[in-house]
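Inspection log for the structure reproduced underneath, given as structure tokens.
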Amino acid sequence: MGQTDNPSGDDAAQRTLAALRALHDRPQPPVPWRDGGNLPWDDPVFSERMLAQHLDQSHGAATRRLPEVRALVQVMLAWLGLQSGSRLLDVTCGPGIYAAEFAQRGVAVTGIDFGPASVRYAREHCAALPVEIHLGDVREMNFSGQGFDAAIYLYGQFTVLRPEESLDVLRRIRAALRPGAKLLLEVLDDAHIDKQDSTWWYTDRGGLWGDFPFLHLGERRFDPELRAVIERFHVLNLESGAMQSYGLSDQAYTAEMMADMLVEAGFLGMTMHRAWDGLALKDAPEWCVYLAEAGSE
């Protein structure tokens, strides 16, 4: 992360100046994906810090708290028509929290995720359950012909990819499902996406950004032509003067856009559930849940 163990005062000052110059010279306005596409989920060090956020029950920022997860699993079992012996594909499964809950109800789960720490934890967490976890990029996954009874793609991970990548992932999911199987897709509600440009800053130590005192500088922009949000996070290490910048882009989708994309990917009969149909979730209003049926090959 750009740290040094004992940087001299002069070295730290030079790094700080270089960091401030890089901030001054950064591309403005930022363009989604060009100037920040996704967090480095596959970086081993970052992945370990992200896993800690997934498992932290004091907040639901990475994975929802267990009572909410369990409530959602009960809803998804009904909406997807799953029962003991059914086979489920969990796309971007993270540390296997949802997979374990499904498996404890008799559903066999195959999960895939990009984060090595999350995959390691998921395999350990689900070791005694009918769960198989793969380390891989969903843009390259190939479960074609596996005949899964359902698939889930949760917590807005669909929107962090470019639209053409998301369409390809939907096609890969369709190829993994038997005809008539359902996909449940959780997407940020277009009506609740913050489309205002903003900036912020704060100081802290530890957490997702690193175990050192830092100044966090953030910025957010909505690109009306692309209908996408880009956020950039600049983390200045206050000990070494080094800075690390991260980006995260999110595509905004209307219900009509989702319907067209699902049809193009080979799905039929889409239905939409806003805010999880009123389920008692802290973040429920932020989401639209789409259910679509896999068509014939």
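For the structure tokens, the naming scheme is as follows: chains receive sequential letters (A, B, ...) according to their order of presentation, residues are indexed from 1 within each chain, and ligands are indexed from 1 in presentation order.
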Test item: residues at most 9 Å from Asp35 in chain A, only C-alpha atoms, excluding those fewer than 3 positions along its chain, as a list in words: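 The neighbour list is Pro27, Pro30, Val31, Pro32, Ile230, Arg232, Gly247, Leu248 and Ser249 of chain A.
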Deliver the residues from the most recent selection as a file, using N, CA and C atoms, as an mmCIF file, in the first residue's frame.
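Everything below was put into selection02.cif:
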data_model
loop_
_atom_site.group_PDB
_atom_site.id
_atom_site.type_symbol
_atom_site.label_atom_id
_atom_site.label_comp_id
_atom_site.auth_asym_id
_atom_site.auth_seq_id
_atom_site.Cartn_x
_atom_site.Cartn_y
_atom_site.Cartn_z
ATOM 1 N N PRO A 27 -7.463 13.196 -13.654
ATOM 2 C CA PRO A 27 -8.422 13.533 -14.714
ATOM 3 C C PRO A 27 -9.703 14.117 -14.142
ATOM 4 N N PRO A 30 -13.947 12.896 -13.847
ATOM 5 C CA PRO A 30 -13.638 11.479 -14.033
ATOM 6 C C PRO A 30 -14.696 10.795 -14.893
ATOM 7 N N VAL A 31 -14.256 9.808 -15.645
ATOM 8 C CA VAL A 31 -15.149 9.044 -16.519
ATOM 9 C C VAL A 31 -15.294 7.640 -15.939
ATOM 10 N N PRO A 32 -16.536 7.159 -15.753
ATOM 11 C CA PRO A 32 -16.725 5.810 -15.202
ATOM 12 C C PRO A 32 -15.935 4.763 -15.970
ATOM 13 N N ILE A 230 -19.298 7.299 -10.829
ATOM 14 C CA ILE A 230 -17.934 6.922 -10.490
ATOM 15 C C ILE A 230 -17.572 7.553 -9.156
ATOM 16 N N ARG A 232 -14.175 7.957 -6.529
ATOM 17 C CA ARG A 232 -12.741 7.780 -6.378
ATOM 18 C C ARG A 232 -12.365 8.053 -4.925
ATOM 19 N N GLY A 247 -10.902 3.258 -7.337
ATOM 20 C CA GLY A 247 -12.085 3.715 -8.048
ATOM 21 C C GLY A 247 -13.177 2.676 -8.008
ATOM 22 N N LEU A 248 -14.406 3.132 -8.120
ATOM 23 C CA LEU A 248 -15.547 2.227 -8.170
ATOM 24 C C LEU A 248 -16.616 2.865 -9.040
ATOM 25 N N SER A 249 -17.036 2.156 -10.076
ATOM 26 C CA SER A 249 -18.077 2.644 -10.966
ATOM 27 C C SER A 249 -19.324 1.790 -10.822
#
Distance query range 48-55 of chain A at most 12 Å, only C-alpha atoms, self and fewer than 2 positions along chain excluded, as a PyMOL selection string: chain A and resi 39-46+57-66+93-98+114-122+125+206-211
Go ahead and dump the residues you just picked, N, CA, C and O atoms, as a short mmCIF file (atom, residue, chain, number, x, y, z; two decimals), in the first residue's frame.
data_model
loop_
_atom_site.label_atom_id
_atom_site.label_comp_id
_atom_site.auth_asym_id
_atom_site.auth_seq_id
_atom_site.Cartn_x
_atom_site.Cartn_y
_atom_site.Cartn_z
N LEU A 39 -13.00 -2.04 -7.20
CA LEU A 39 -12.02 -2.21 -6.13
C LEU A 39 -11.15 -3.43 -6.41
O LEU A 39 -11.59 -4.37 -7.08
N PRO A 40 -9.93 -3.49 -5.87
CA PRO A 40 -9.02 -4.60 -6.16
C PRO A 40 -9.33 -5.84 -5.33
O PRO A 40 -8.54 -6.28 -4.48
N TRP A 41 -10.51 -6.41 -5.59
CA TRP A 41 -10.97 -7.57 -4.81
C TRP A 41 -9.95 -8.71 -4.82
O TRP A 41 -9.86 -9.48 -3.85
N ASP A 42 -9.22 -8.88 -5.92
CA ASP A 42 -8.32 -10.01 -6.06
C ASP A 42 -6.94 -9.77 -5.47
O ASP A 42 -6.12 -10.69 -5.44
N ASP A 43 -6.66 -8.56 -5.00
CA ASP A 43 -5.38 -8.29 -4.34
C ASP A 43 -5.39 -8.99 -2.98
O ASP A 43 -6.31 -8.79 -2.17
N PRO A 44 -4.39 -9.83 -2.68
CA PRO A 44 -4.43 -10.62 -1.44
C PRO A 44 -4.56 -9.77 -0.17
O PRO A 44 -5.33 -10.12 0.73
N VAL A 45 -3.83 -8.66 -0.08
CA VAL A 45 -3.87 -7.84 1.13
C VAL A 45 -5.21 -7.13 1.24
O VAL A 45 -5.85 -7.13 2.30
N PHE A 46 -5.65 -6.52 0.15
CA PHE A 46 -6.94 -5.84 0.15
C PHE A 46 -8.06 -6.85 0.42
O PHE A 46 -9.02 -6.55 1.15
N GLN A 57 -20.16 -7.74 12.14
CA GLN A 57 -21.61 -7.68 12.37
C GLN A 57 -22.07 -6.34 12.94
O GLN A 57 -23.26 -6.15 13.19
N SER A 58 -21.14 -5.39 13.11
CA SER A 58 -21.55 -4.08 13.60
C SER A 58 -22.14 -3.21 12.50
O SER A 58 -22.70 -2.15 12.77
N HIS A 59 -21.99 -3.64 11.25
CA HIS A 59 -22.56 -2.89 10.12
C HIS A 59 -22.91 -3.90 9.02
O HIS A 59 -22.57 -5.06 9.08
N GLY A 60 -23.61 -3.43 8.02
CA GLY A 60 -23.96 -4.29 6.89
C GLY A 60 -23.42 -3.75 5.59
O GLY A 60 -24.02 -3.95 4.53
N ALA A 61 -22.26 -3.11 5.64
CA ALA A 61 -21.75 -2.43 4.45
C ALA A 61 -21.19 -3.39 3.41
O ALA A 61 -21.21 -3.08 2.23
N ALA A 62 -20.67 -4.54 3.82
CA ALA A 62 -20.09 -5.49 2.87
C ALA A 62 -20.99 -6.71 2.70
O ALA A 62 -21.28 -7.12 1.59
N THR A 63 -21.39 -7.31 3.81
CA THR A 63 -22.41 -8.36 3.82
C THR A 63 -23.42 -7.99 4.89
O THR A 63 -23.06 -7.54 5.98
N ARG A 64 -24.68 -8.20 4.62
CA ARG A 64 -25.71 -7.84 5.60
C ARG A 64 -25.54 -8.66 6.88
O ARG A 64 -24.95 -9.74 6.88
N ARG A 65 -26.12 -8.14 7.96
CA ARG A 65 -26.08 -8.85 9.22
C ARG A 65 -26.86 -10.16 9.10
O ARG A 65 -27.80 -10.29 8.31
N LEU A 66 -26.47 -11.14 9.92
CA LEU A 66 -27.02 -12.49 9.81
C LEU A 66 -28.55 -12.54 9.91
O LEU A 66 -29.19 -13.28 9.15
N CYS A 93 -20.17 -14.88 -4.61
CA CYS A 93 -20.66 -15.45 -3.34
C CYS A 93 -19.99 -14.87 -2.11
O CYS A 93 -20.45 -15.12 -0.98
N GLY A 94 -18.88 -14.12 -2.28
CA GLY A 94 -18.19 -13.57 -1.11
C GLY A 94 -17.74 -14.67 -0.16
O GLY A 94 -17.33 -15.75 -0.59
N PRO A 95 -17.81 -14.43 1.13
CA PRO A 95 -17.33 -15.42 2.10
C PRO A 95 -18.31 -16.54 2.39
O PRO A 95 -18.17 -17.25 3.39
N GLY A 96 -19.32 -16.71 1.56
CA GLY A 96 -20.20 -17.87 1.68
C GLY A 96 -21.28 -17.76 2.74
O GLY A 96 -21.84 -18.77 3.16
N ILE A 97 -21.61 -16.55 3.16
CA ILE A 97 -22.61 -16.38 4.21
C ILE A 97 -23.98 -16.83 3.73
O ILE A 97 -24.68 -17.59 4.42
N TYR A 98 -24.38 -16.40 2.54
CA TYR A 98 -25.66 -16.84 1.97
C TYR A 98 -25.60 -18.32 1.60
O TYR A 98 -26.57 -19.06 1.82
N PHE A 114 -14.17 -13.54 -6.68
CA PHE A 114 -12.88 -13.03 -7.14
C PHE A 114 -11.88 -12.86 -6.00
O PHE A 114 -10.67 -12.78 -6.23
N GLY A 115 -12.36 -12.75 -4.75
CA GLY A 115 -11.51 -12.42 -3.62
C GLY A 115 -10.90 -13.65 -2.98
O GLY A 115 -11.62 -14.49 -2.45
N PRO A 116 -9.58 -13.80 -2.99
CA PRO A 116 -8.97 -15.01 -2.43
C PRO A 116 -9.25 -15.21 -0.95
O PRO A 116 -9.45 -16.35 -0.51
N ALA A 117 -9.27 -14.15 -0.17
CA ALA A 117 -9.55 -14.31 1.26
C ALA A 117 -10.99 -14.76 1.48
O ALA A 117 -11.26 -15.64 2.32
N SER A 118 -11.93 -14.19 0.75
CA SER A 118 -13.33 -14.59 0.88
C SER A 118 -13.53 -16.03 0.46
O SER A 118 -14.27 -16.79 1.11
N VAL A 119 -12.88 -16.45 -0.61
CA VAL A 119 -13.00 -17.84 -1.07
C VAL A 119 -12.43 -18.80 -0.03
O VAL A 119 -13.03 -19.84 0.28
N ARG A 120 -11.27 -18.45 0.52
CA ARG A 120 -10.69 -19.31 1.57
C ARG A 120 -11.65 -19.45 2.75
O ARG A 120 -11.90 -20.56 3.23
N TYR A 121 -12.20 -18.32 3.20
CA TYR A 121 -13.12 -18.36 4.33
C TYR A 121 -14.38 -19.15 3.98
O TYR A 121 -14.86 -19.96 4.79
N ALA A 122 -14.93 -18.93 2.79
CA ALA A 122 -16.15 -19.64 2.39
C ALA A 122 -15.93 -21.15 2.38
O ALA A 122 -16.81 -21.91 2.82
N HIS A 125 -15.83 -22.15 6.03
CA HIS A 125 -17.13 -21.93 6.66
C HIS A 125 -18.16 -22.98 6.22
O HIS A 125 -19.03 -23.37 7.01
N GLY A 206 -6.90 2.20 10.25
CA GLY A 206 -7.38 0.83 10.18
C GLY A 206 -8.59 0.70 9.28
O GLY A 206 -8.97 1.61 8.55
N GLY A 207 -9.20 -0.49 9.33
CA GLY A 207 -10.36 -0.75 8.49
C GLY A 207 -9.96 -1.14 7.08
O GLY A 207 -8.86 -1.65 6.81
N LEU A 208 -10.84 -0.86 6.13
CA LEU A 208 -10.65 -1.31 4.76
C LEU A 208 -9.41 -0.71 4.10
O LEU A 208 -8.76 -1.36 3.28
N TRP A 209 -9.06 0.52 4.47
CA TRP A 209 -8.03 1.23 3.71
C TRP A 209 -6.62 0.96 4.20
O TRP A 209 -5.66 1.30 3.51
N GLY A 210 -6.44 0.37 5.37
CA GLY A 210 -5.09 0.04 5.81
C GLY A 210 -4.87 0.33 7.27
O GLY A 210 -5.52 1.19 7.86
N ASP A 211 -3.91 -0.38 7.87
CA ASP A 211 -3.64 -0.25 9.30
C ASP A 211 -2.59 0.83 9.55
O ASP A 211 -1.46 0.57 9.97
#
Residues near range 7-21 of chain A, anyone? I mean within 6 Å using only C-alpha atoms, not counting same-chain ones fewer than 4 positions away, as an MDAnalysis selection string. chainID A and resid 240:243
Next, dump the selected residues to file, keeping only N, CA and C atoms, as an mmCIF file, in the first residue's frame.
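Okay, this is what ended up in selection-v8.cif:
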data_model
loop_
_atom_site.group_PDB
_atom_site.id
_atom_site.type_symbol
_atom_site.label_atom_id
_atom_site.label_comp_id
_atom_site.auth_asym_id
_atom_site.auth_seq_id
_atom_site.Cartn_x
_atom_site.Cartn_y
_atom_site.Cartn_z
ATOM 1 N N SER A 240 3.841 7.673 6.133
ATOM 2 C CA SER A 240 4.829 7.580 5.063
ATOM 3 C C SER A 240 4.683 8.654 4.005
ATOM 4 N N GLY A 241 3.505 9.283 3.923
ATOM 5 C CA GLY A 241 3.252 10.257 2.872
ATOM 6 C C GLY A 241 2.822 9.642 1.557
ATOM 7 N N ALA A 242 2.772 8.295 1.485
ATOM 8 C CA ALA A 242 2.354 7.626 0.255
ATOM 9 C C ALA A 242 0.831 7.687 0.119
ATOM 10 N N MET A 243 0.358 7.662 -1.112
ATOM 11 C CA MET A 243 -1.078 7.691 -1.358
ATOM 12 C C MET A 243 -1.473 6.545 -2.271
#
Strand (DSSP E) call set, DSSP backbone run, range 50-216 of chain A, as a ChimeraX atom specification: /A:87-91,108-113,131-135,148-153,177-188,198-205,213-216
Have a look at CA of Met257 in chain A and CA of Phe158 in chain A and let me know their distance in Å, one decimal. 13.4 Å
Distance CA of Ala294 in chain A-CA of Pro130 in chain A, one decimal place?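 Between these atoms lies a distance of 23.9 Å.
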Test item: residues at most 12 Å from range 69-81 of chain A, only C-alpha atoms, excluding those fewer than 3 positions along its chain, as a compact mmCIF listing (two decimals) with N, CA and C atoms, in the first residue's frame:
# COMPACT_ATOMS: atom_id res chain seq x y z
N GLN A 57 -20.16 -7.74 12.14
CA GLN A 57 -21.61 -7.68 12.37
C GLN A 57 -22.07 -6.34 12.94
N GLY A 60 -23.61 -3.43 8.02
CA GLY A 60 -23.96 -4.29 6.89
C GLY A 60 -23.42 -3.75 5.59
N THR A 63 -21.39 -7.31 3.81
CA THR A 63 -22.41 -8.36 3.82
C THR A 63 -23.42 -7.99 4.89
N ARG A 64 -24.68 -8.20 4.62
CA ARG A 64 -25.71 -7.84 5.60
C ARG A 64 -25.54 -8.66 6.88
N ARG A 65 -26.12 -8.14 7.96
CA ARG A 65 -26.08 -8.85 9.22
C ARG A 65 -26.86 -10.16 9.10
N LEU A 66 -26.47 -11.14 9.92
CA LEU A 66 -27.02 -12.49 9.81
C LEU A 66 -28.55 -12.54 9.91
N SER A 84 -35.13 -28.84 -0.65
CA SER A 84 -34.00 -29.71 -0.37
C SER A 84 -33.67 -30.53 -1.61
N GLY A 85 -32.40 -30.52 -1.97
CA GLY A 85 -31.94 -31.22 -3.17
C GLY A 85 -31.80 -30.34 -4.38
N SER A 86 -32.33 -29.13 -4.34
CA SER A 86 -32.16 -28.20 -5.45
C SER A 86 -30.71 -27.74 -5.55
N ARG A 87 -30.34 -27.27 -6.74
CA ARG A 87 -28.96 -26.82 -6.98
C ARG A 87 -28.97 -25.34 -7.34
N LEU A 88 -28.14 -24.56 -6.63
CA LEU A 88 -28.12 -23.11 -6.75
C LEU A 88 -26.74 -22.63 -7.14
N LEU A 89 -26.69 -21.69 -8.09
CA LEU A 89 -25.44 -21.00 -8.46
C LEU A 89 -25.43 -19.64 -7.78
N GLY A 96 -19.32 -16.71 1.56
CA GLY A 96 -20.20 -17.87 1.68
C GLY A 96 -21.28 -17.76 2.74
N ILE A 97 -21.61 -16.55 3.16
CA ILE A 97 -22.61 -16.38 4.21
C ILE A 97 -23.98 -16.83 3.73
N TYR A 98 -24.38 -16.40 2.54
CA TYR A 98 -25.66 -16.84 1.97
C TYR A 98 -25.60 -18.32 1.60
N ALA A 99 -24.48 -18.74 1.01
CA ALA A 99 -24.34 -20.14 0.60
C ALA A 99 -24.56 -21.08 1.78
N ALA A 100 -23.98 -20.75 2.94
CA ALA A 100 -24.13 -21.60 4.12
C ALA A 100 -25.59 -21.68 4.56
N GLU A 101 -26.29 -20.55 4.52
CA GLU A 101 -27.70 -20.55 4.94
C GLU A 101 -28.57 -21.38 4.00
N PHE A 102 -28.32 -21.27 2.70
CA PHE A 102 -29.06 -22.11 1.75
C PHE A 102 -28.74 -23.59 1.99
N ALA A 103 -27.45 -23.89 2.15
CA ALA A 103 -27.04 -25.29 2.30
C ALA A 103 -27.60 -25.91 3.58
N GLN A 104 -27.72 -25.13 4.63
CA GLN A 104 -28.30 -25.65 5.87
C GLN A 104 -29.77 -26.01 5.71
N ARG A 105 -30.38 -25.53 4.63
CA ARG A 105 -31.77 -25.86 4.31
C ARG A 105 -31.86 -26.91 3.21
N GLY A 106 -30.73 -27.57 2.91
CA GLY A 106 -30.73 -28.70 1.99
C GLY A 106 -30.42 -28.37 0.55
N VAL A 107 -30.14 -27.10 0.24
CA VAL A 107 -29.84 -26.70 -1.14
C VAL A 107 -28.33 -26.88 -1.40
N PHE A 148 -28.31 -25.88 -13.36
CA PHE A 148 -28.70 -25.41 -12.04
C PHE A 148 -30.20 -25.08 -12.01
N ASP A 149 -30.79 -25.22 -10.83
CA ASP A 149 -32.21 -24.94 -10.66
C ASP A 149 -32.49 -23.47 -10.41
N ALA A 150 -31.46 -22.70 -10.07
CA ALA A 150 -31.62 -21.27 -9.82
C ALA A 150 -30.24 -20.64 -9.72
N ALA A 151 -30.22 -19.31 -9.83
CA ALA A 151 -29.00 -18.54 -9.61
C ALA A 151 -29.35 -17.26 -8.88
N ILE A 152 -28.41 -16.79 -8.06
CA ILE A 152 -28.55 -15.50 -7.39
C ILE A 152 -27.32 -14.66 -7.69
N TYR A 153 -27.56 -13.34 -7.76
CA TYR A 153 -26.49 -12.38 -8.06
C TYR A 153 -26.85 -11.15 -7.23
N LEU A 154 -26.27 -11.06 -6.01
CA LEU A 154 -26.79 -10.17 -4.97
C LEU A 154 -25.95 -8.91 -4.76
N TYR A 155 -26.58 -7.97 -4.04
CA TYR A 155 -25.94 -6.81 -3.42
C TYR A 155 -25.31 -5.85 -4.43
N GLY A 180 -36.36 -22.95 -17.64
CA GLY A 180 -37.38 -22.77 -16.61
C GLY A 180 -36.82 -22.40 -15.25
N ALA A 181 -35.50 -22.54 -15.06
CA ALA A 181 -34.88 -22.13 -13.79
C ALA A 181 -34.91 -20.61 -13.68
N LYS A 182 -34.82 -20.11 -12.46
CA LYS A 182 -34.94 -18.67 -12.23
C LYS A 182 -33.63 -18.05 -11.78
N LEU A 183 -33.44 -16.82 -12.22
CA LEU A 183 -32.36 -15.96 -11.75
C LEU A 183 -32.95 -14.89 -10.87
N LEU A 184 -32.34 -14.66 -9.71
CA LEU A 184 -32.70 -13.54 -8.84
C LEU A 184 -31.53 -12.57 -8.84
N LEU A 185 -31.82 -11.35 -9.28
CA LEU A 185 -30.79 -10.34 -9.49
C LEU A 185 -31.13 -9.10 -8.68
N GLU A 186 -30.22 -8.70 -7.78
CA GLU A 186 -30.44 -7.54 -6.92
C GLU A 186 -29.66 -6.36 -7.48
N THR A 271 -40.08 -10.39 -13.58
CA THR A 271 -40.90 -9.67 -12.60
C THR A 271 -39.96 -8.87 -11.70
N MET A 272 -40.48 -7.76 -11.15
CA MET A 272 -39.66 -6.88 -10.33
C MET A 272 -40.28 -6.72 -8.95
N HIS A 273 -39.45 -6.73 -7.93
CA HIS A 273 -39.88 -6.51 -6.55
C HIS A 273 -39.07 -5.34 -6.00
N ALA A 275 -37.68 -2.87 -3.24
CA ALA A 275 -37.41 -2.87 -1.79
C ALA A 275 -37.74 -4.21 -1.15
N TRP A 276 -37.50 -5.30 -1.90
CA TRP A 276 -37.74 -6.64 -1.36
C TRP A 276 -39.19 -6.79 -0.85
N ASP A 277 -40.12 -6.14 -1.51
CA ASP A 277 -41.54 -6.21 -1.14
C ASP A 277 -41.79 -5.86 0.33
N GLY A 278 -41.03 -4.88 0.82
CA GLY A 278 -41.26 -4.39 2.17
C GLY A 278 -40.63 -5.21 3.27
N LEU A 279 -39.73 -6.13 2.93
CA LEU A 279 -39.03 -6.90 3.95
C LEU A 279 -38.25 -5.95 4.85
N ALA A 280 -38.18 -6.28 6.13
CA ALA A 280 -37.55 -5.39 7.11
C ALA A 280 -36.02 -5.44 7.00
N LEU A 281 -35.50 -4.74 6.00
CA LEU A 281 -34.07 -4.60 5.80
C LEU A 281 -33.71 -3.14 5.93
N LYS A 282 -32.58 -2.86 6.55
CA LYS A 282 -32.16 -1.48 6.74
C LYS A 282 -32.01 -0.75 5.41
N ALA A 284 -33.36 -1.76 2.39
CA ALA A 284 -34.32 -2.26 1.40
C ALA A 284 -34.69 -1.24 0.32
N VAL A 289 -35.31 -5.96 -7.03
CA VAL A 289 -34.99 -7.37 -7.22
C VAL A 289 -35.72 -7.84 -8.47
N TYR A 290 -34.96 -8.39 -9.40
CA TYR A 290 -35.53 -8.88 -10.65
C TYR A 290 -35.49 -10.41 -10.65
N LEU A 291 -36.61 -11.00 -11.01
CA LEU A 291 -36.71 -12.45 -11.19
C LEU A 291 -36.98 -12.72 -12.65
N ALA A 292 -36.19 -13.59 -13.23
CA ALA A 292 -36.36 -13.94 -14.65
C ALA A 292 -36.17 -15.42 -14.84
N GLU A 293 -36.91 -15.96 -15.77
CA GLU A 293 -36.90 -17.39 -16.05
C GLU A 293 -36.00 -17.68 -17.24
N ALA A 294 -35.18 -18.72 -17.13
CA ALA A 294 -34.30 -19.11 -18.22
C ALA A 294 -35.13 -19.71 -19.35
Running DSSP on the backbone, which parts of range 5-233 of chain A land in alpha helix (DSSP H), as a ChimeraX atom specification? /A:9-25,44-55,66-80,97-103,116-125,163-176
Selection above as a file: C-alpha atoms, as a PDB file, in the first residue's frame:
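The new file again19.pdb reads:
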ATOM      1  CA  GLY A   9      10.840  13.154   7.501  1.00  0.00           C
ATOM      2  CA  ASP A  10      12.254  14.324   4.165  1.00  0.00           C
ATOM      3  CA  ASP A  11      11.092  11.162   2.360  1.00  0.00           C
ATOM      4  CA  ALA A  12       7.592  11.436   3.816  1.00  0.00           C
ATOM      5  CA  ALA A  13       7.412  15.106   2.870  1.00  0.00           C
ATOM      6  CA  GLN A  14       8.436  14.340  -0.707  1.00  0.00           C
ATOM      7  CA  ARG A  15       5.863  11.558  -0.979  1.00  0.00           C
ATOM      8  CA  THR A  16       3.184  13.848   0.413  1.00  0.00           C
ATOM      9  CA  LEU A  17       4.035  16.525  -2.124  1.00  0.00           C
ATOM     10  CA  ALA A  18       3.947  13.952  -4.918  1.00  0.00           C
ATOM     11  CA  ALA A  19       0.574  12.710  -3.680  1.00  0.00           C
ATOM     12  CA  LEU A  20      -0.876  16.220  -3.604  1.00  0.00           C
ATOM     13  CA  ARG A  21       0.457  16.874  -7.094  1.00  0.00           C
ATOM     14  CA  ALA A  22      -1.162  13.631  -8.310  1.00  0.00           C
ATOM     15  CA  LEU A  23      -4.456  14.798  -6.827  1.00  0.00           C
ATOM     16  CA  HIS A  24      -4.124  18.150  -8.545  1.00  0.00           C
ATOM     17  CA  ASP A  25      -3.358  16.471 -11.902  1.00  0.00           C
ATOM     18  CA  PRO A  44      -4.430 -10.616  -1.440  1.00  0.00           C
ATOM     19  CA  VAL A  45      -3.867  -7.837   1.128  1.00  0.00           C
ATOM     20  CA  PHE A  46      -6.945  -5.843   0.152  1.00  0.00           C
ATOM     21  CA  SER A  47      -8.955  -9.083   0.060  1.00  0.00           C
ATOM     22  CA  GLU A  48      -8.059  -9.836   3.687  1.00  0.00           C
ATOM     23  CA  ARG A  49      -9.200  -6.388   4.774  1.00  0.00           C
ATOM     24  CA  MET A  50     -12.412  -6.736   2.783  1.00  0.00           C
ATOM     25  CA  LEU A  51     -13.097 -10.109   4.408  1.00  0.00           C
ATOM     26  CA  ALA A  52     -12.913  -8.449   7.818  1.00  0.00           C
ATOM     27  CA  GLN A  53     -15.598  -6.008   6.645  1.00  0.00           C
ATOM     28  CA  HIS A  54     -17.786  -8.869   5.403  1.00  0.00           C
ATOM     29  CA  LEU A  55     -17.616 -10.560   8.793  1.00  0.00           C
ATOM     30  CA  LEU A  66     -27.023 -12.489   9.810  1.00  0.00           C
ATOM     31  CA  PRO A  67     -30.668 -11.880  10.842  1.00  0.00           C
ATOM     32  CA  GLU A  68     -31.221 -10.022   7.563  1.00  0.00           C
ATOM     33  CA  VAL A  69     -29.379 -12.695   5.569  1.00  0.00           C
ATOM     34  CA  ARG A  70     -31.585 -15.398   7.063  1.00  0.00           C
ATOM     35  CA  ALA A  71     -34.756 -13.441   6.352  1.00  0.00           C
ATOM     36  CA  LEU A  72     -33.635 -12.937   2.752  1.00  0.00           C
ATOM     37  CA  VAL A  73     -32.807 -16.598   2.287  1.00  0.00           C
ATOM     38  CA  GLN A  74     -36.333 -17.566   3.364  1.00  0.00           C
ATOM     39  CA  VAL A  75     -37.776 -15.136   0.799  1.00  0.00           C
ATOM     40  CA  MET A  76     -35.426 -16.344  -1.935  1.00  0.00           C
ATOM     41  CA  LEU A  77     -36.259 -20.000  -1.286  1.00  0.00           C
ATOM     42  CA  ALA A  78     -39.902 -19.197  -1.992  1.00  0.00           C
ATOM     43  CA  TRP A  79     -39.355 -16.887  -4.950  1.00  0.00           C
ATOM     44  CA  LEU A  80     -36.925 -19.296  -6.626  1.00  0.00           C
ATOM     45  CA  ILE A  97     -22.607 -16.378   4.210  1.00  0.00           C
ATOM     46  CA  TYR A  98     -25.656 -16.835   1.966  1.00  0.00           C
ATOM     47  CA  ALA A  99     -24.344 -20.142   0.604  1.00  0.00           C
ATOM     48  CA  ALA A 100     -24.131 -21.598   4.122  1.00  0.00           C
ATOM     49  CA  GLU A 101     -27.701 -20.549   4.939  1.00  0.00           C
ATOM     50  CA  PHE A 102     -29.062 -22.113   1.754  1.00  0.00           C
ATOM     51  CA  ALA A 103     -27.039 -25.286   2.305  1.00  0.00           C
ATOM     52  CA  PRO A 116      -8.968 -15.011  -2.430  1.00  0.00           C
ATOM     53  CA  ALA A 117      -9.554 -14.312   1.261  1.00  0.00           C
ATOM     54  CA  SER A 118     -13.332 -14.590   0.881  1.00  0.00           C
ATOM     55  CA  VAL A 119     -13.005 -17.844  -1.069  1.00  0.00           C
ATOM     56  CA  ARG A 120     -10.692 -19.305   1.573  1.00  0.00           C
ATOM     57  CA  TYR A 121     -13.121 -18.360   4.333  1.00  0.00           C
ATOM     58  CA  ALA A 122     -16.150 -19.636   2.390  1.00  0.00           C
ATOM     59  CA  ARG A 123     -14.521 -23.026   1.869  1.00  0.00           C
ATOM     60  CA  GLU A 124     -13.739 -23.302   5.578  1.00  0.00           C
ATOM     61  CA  HIS A 125     -17.132 -21.934   6.662  1.00  0.00           C
ATOM     62  CA  PRO A 163     -22.950  -2.969 -19.413  1.00  0.00           C
ATOM     63  CA  GLU A 164     -21.445  -5.162 -22.129  1.00  0.00           C
ATOM     64  CA  GLU A 165     -19.666  -7.219 -19.464  1.00  0.00           C
ATOM     65  CA  SER A 166     -22.848  -7.555 -17.426  1.00  0.00           C
ATOM     66  CA  LEU A 167     -24.749  -8.771 -20.489  1.00  0.00           C
ATOM     67  CA  ASP A 168     -22.087 -11.404 -21.102  1.00  0.00           C
ATOM     68  CA  VAL A 169     -22.252 -12.522 -17.457  1.00  0.00           C
ATOM     69  CA  LEU A 170     -26.031 -12.886 -17.762  1.00  0.00           C
ATOM     70  CA  ARG A 171     -25.509 -15.079 -20.815  1.00  0.00           C
ATOM     71  CA  ARG A 172     -23.037 -17.209 -18.860  1.00  0.00           C
ATOM     72  CA  ILE A 173     -25.581 -17.567 -16.045  1.00  0.00           C
ATOM     73  CA  ARG A 174     -28.293 -18.512 -18.536  1.00  0.00           C
ATOM     74  CA  ALA A 175     -26.007 -21.201 -19.979  1.00  0.00           C
ATOM     75  CA  ALA A 176     -25.569 -22.650 -16.478  1.00  0.00           C
TER      76      ALA A 176
END
Need the shell around Trp33 in chain A: protein/DNA/RNA residues with any atom at most 10 Å away, counting only C-alpha atoms. Skip same-chain ones fewer than 4 positions apart. Format as a list of chain:residue names? A:Gly37, A:Asn38, A:Val160, A:Leu161, A:Arg162, A:Ala228, A:Val229, A:Ile230, A:Glu231, A:Gly247, A:Leu248, A:Ser249, A:Asp250, A:Gln251
Would you mind listing what lies within 7 Å of range 295-297 of chain A as JSON, numbers by chain, with only C-alpha atoms counted and same-chain residues fewer than 3 positions away left out? {"A": [179, 180, 266, 267, 268]}
So which one's closest to Tyr246 in chain A, A:Cys288, A:Asp260, A:Leu188, A:Gly218? Using only C-alpha atoms, please.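 So, comparing all the options, the nearest one is A:Gly218.
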